[in-house]
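Colleague: Dropping in my_file08.cif, which is mmCIF, C-alpha atoms; chains and numbers go by the auth columns:
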```cif
data_input
#
loop_
_atom_site.group_PDB
_atom_site.id
_atom_site.type_symbol
_atom_site.label_atom_id
_atom_site.label_comp_id
_atom_site.label_asym_id
_atom_site.label_seq_id
_atom_site.Cartn_x
_atom_site.Cartn_y
_atom_site.Cartn_z
_atom_site.B_iso_or_equiv
_atom_site.auth_seq_id
_atom_site.auth_asym_id
ATOM 1 C CA MET A 1 99.421 114.994 128.062 0.00 1 A
ATOM 2 C CA GLY A 2 95.795 114.447 127.211 0.00 2 A
ATOM 3 C CA CYS A 3 95.356 111.652 129.723 0.00 3 A
ATOM 4 C CA PHE A 4 92.589 113.591 131.451 0.00 4 A
ATOM 5 C CA ILE A 5 90.387 113.632 128.358 0.00 5 A
ATOM 6 C CA GLY A 6 91.062 110.155 127.064 0.00 6 A
ATOM 7 C CA GLY A 7 94.117 110.797 124.901 0.00 7 A
ATOM 8 C CA GLN A 8 97.342 108.869 124.881 0.00 8 A
ATOM 9 C CA VAL A 9 100.737 109.154 123.227 0.00 9 A
ATOM 10 C CA GLU A 10 101.179 106.372 120.667 0.00 10 A
ATOM 11 C CA ALA A 11 104.703 107.300 119.518 0.00 11 A
ATOM 12 C CA MET A 12 107.323 109.991 120.121 0.00 12 A
ATOM 13 C CA SER A 13 110.382 110.714 117.990 0.00 13 A
ATOM 14 C CA PHE A 14 112.994 113.436 117.976 0.00 14 A
ATOM 15 C CA ALA A 15 113.740 115.060 114.630 0.00 15 A
ATOM 16 C CA PHE A 16 116.129 117.426 112.872 0.00 16 A
ATOM 17 C CA GLY A 17 114.931 120.361 110.822 0.00 17 A
ATOM 18 C CA GLU A 18 111.749 122.382 111.168 0.00 18 A
ATOM 19 C CA ASP A 19 110.324 120.123 113.886 0.00 19 A
ATOM 20 C CA ASP A 20 112.227 119.094 117.014 0.00 20 A
ATOM 21 C CA ILE A 21 109.830 116.402 118.143 0.00 21 A
ATOM 22 C CA VAL A 22 107.008 114.462 116.527 0.00 22 A
ATOM 23 C CA LEU A 23 104.238 112.979 118.656 0.00 23 A
ATOM 24 C CA ILE A 24 101.547 110.645 117.458 0.00 24 A
ATOM 25 C CA VAL A 25 98.648 110.957 119.874 0.00 25 A
ATOM 26 C CA ASP A 26 95.307 109.214 119.860 0.00 26 A
ATOM 27 C CA PHE A 27 92.206 110.998 121.137 0.00 27 A
ATOM 28 C CA PRO A 28 88.629 109.736 121.199 0.00 28 A
ATOM 29 C CA ASP A 29 87.450 112.545 118.884 0.00 29 A
ATOM 30 C CA PRO A 30 88.690 115.671 117.066 0.00 30 A
ATOM 31 C CA VAL A 31 87.147 118.014 119.650 0.00 31 A
ATOM 32 C CA SER A 32 89.271 116.462 122.407 0.00 32 A
ATOM 33 C CA MET A 33 92.395 116.992 120.322 0.00 33 A
ATOM 34 C CA ALA A 34 91.357 120.585 119.627 0.00 34 A
ATOM 35 C CA ALA A 35 90.898 121.191 123.364 0.00 35 A
ATOM 36 C CA VAL A 36 94.425 119.981 124.106 0.00 36 A
ATOM 37 C CA SER A 37 95.848 121.942 121.173 0.00 37 A
ATOM 38 C CA LEU A 38 94.144 125.164 122.275 0.00 38 A
ATOM 39 C CA THR A 39 95.359 124.749 125.847 0.00 39 A
ATOM 40 C CA VAL A 40 98.970 124.044 124.843 0.00 40 A
ATOM 41 C CA LYS A 41 99.067 126.914 122.343 0.00 41 A
ATOM 42 C CA ALA A 42 97.475 129.343 124.816 0.00 42 A
ATOM 43 C CA SER A 43 100.256 128.633 127.312 0.00 43 A
ATOM 44 C CA GLY A 44 102.812 130.047 124.878 0.00 44 A
ATOM 45 C CA ALA A 45 105.308 127.434 126.054 0.00 45 A
ATOM 46 C CA LEU A 46 105.264 125.432 122.805 0.00 46 A
ATOM 47 C CA HIS A 47 104.726 126.093 119.135 0.00 47 A
ATOM 48 C CA THR A 48 102.681 123.207 117.778 0.00 48 A
ATOM 49 C CA ARG A 49 100.712 122.081 114.776 0.00 49 A
ATOM 50 C CA ALA A 50 98.336 119.191 114.433 0.00 50 A
ATOM 51 C CA THR A 51 97.924 116.982 111.396 0.00 51 A
ATOM 52 C CA PRO A 52 94.897 114.689 111.594 0.00 52 A
ATOM 53 C CA LEU A 53 95.639 111.191 110.339 0.00 53 A
ATOM 54 C CA LEU A 54 92.972 109.115 108.621 0.00 54 A
ATOM 55 C CA THR A 55 92.650 105.347 108.580 0.00 55 A
ATOM 56 C CA LEU A 56 92.291 103.413 105.337 0.00 56 A
ATOM 57 C CA ASP A 57 88.597 102.902 106.115 0.00 57 A
ATOM 58 C CA GLU A 58 88.101 106.654 106.568 0.00 58 A
ATOM 59 C CA ILE A 59 89.798 107.379 103.243 0.00 59 A
ATOM 60 C CA ASP A 60 87.625 104.731 101.546 0.00 60 A
ATOM 61 C CA GLU A 61 84.518 106.378 103.008 0.00 61 A
ATOM 62 C CA ALA A 62 85.688 109.799 101.829 0.00 62 A
ATOM 63 C CA ALA A 63 86.300 108.449 98.322 0.00 63 A
ATOM 64 C CA ARG A 64 82.715 107.128 98.170 0.00 64 A
ATOM 65 C CA ARG A 65 81.125 110.446 99.115 0.00 65 A
ATOM 66 C CA HIS A 66 79.869 112.655 96.296 0.00 66 A
ATOM 67 C CA VAL A 67 81.084 116.251 96.514 0.00 67 A
ATOM 68 C CA THR A 68 79.688 118.944 94.249 0.00 68 A
ATOM 69 C CA PHE A 69 82.427 121.353 93.243 0.00 69 A
ATOM 70 C CA ARG A 70 82.734 124.056 90.620 0.00 70 A
ATOM 71 C CA SER A 71 86.057 125.792 90.022 0.00 71 A
ATOM 72 C CA PRO A 72 86.043 129.564 90.479 0.00 72 A
ATOM 73 C CA GLY A 73 85.433 131.393 87.210 0.00 73 A
ATOM 74 C CA THR A 74 83.705 128.480 85.469 0.00 74 A
#
```
Could you rewrite the structure in this file as structure tokens?
Modeller:
Amino acid sequence: MGCFIGGQVEAMSFAFGEDDIVLIVDFPDPVSMAAVSLTVKASGALHTRATPLLTLDEIDEAARRHVTFRSPGT
């Protein structure tokens, strides 16, 4: 899966509960992951969801960025 657009499976585990299998896949960019996700979902063969994972460096960068926010009604 994903090998044609530069992705690879990093880990695969079976699970009990809401999810039957958990895959950790690595793609070169979010658009590549979205392309695979759209293709798999369009097939109707699997029900999937994607959760992007961030590195510590990415979280540090996000924490440094200034975001202007005003709560609704204030």
Colleague: Hey, what comes out of the PyMOL selection byres ((chain A and resi 11) around 7) on this file? Could you write it as a list in words?
Modeller: Val9, Glu10, Met12, Ser13, Leu23 and Ile24 of chain A
Colleague: Could you check how far CA of Pro28 in chain A sits from CA of Gly7 in chain A, in Å to one decimal?
Modeller: 6.7 Å
Colleague: Would you translate the PyMOL selection byres ((chain A and resi 52) around 10) into the concrete set of residues it matches in this file, as a list in words?
Modeller: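 When the PyMOL selection byres ((chain A and resi 52) around 10) is applied to the shown file, the picked residues are Ile24, Val25, Asp26, Pro30, Met33, Arg49, Ala50, Thr51, Leu53 and Leu54 of chain A.
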Colleague: Run the PyMOL selection byres ((chain A and resi 48) around 12) against the file shown and list the residues it catches, as a list in words.
Modeller: Glu18, Asp19, Asp20, Ile21, Val22, Leu23, Ala34, Val36, Ser37, Leu38, Thr39, Val40, Lys41, Ala42, Ser43, Gly44, Ala45, Leu46, His47, Arg49, Ala50 and Thr51 of chain A
Colleague: Give me, please, the distance in Å between CA of Val31 in chain A and CA of Thr55 in chain A, quoted to one decimal.
Modeller: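 One can read the CA of Val31 in chain A to CA of Thr55 in chain A distance as 17.7 Å.
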Colleague: How many Å separate CA of Asp29 in chain A from CA of Asp60 in chain A?
Modeller: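 These atoms are spaced 19.0 Å apart.
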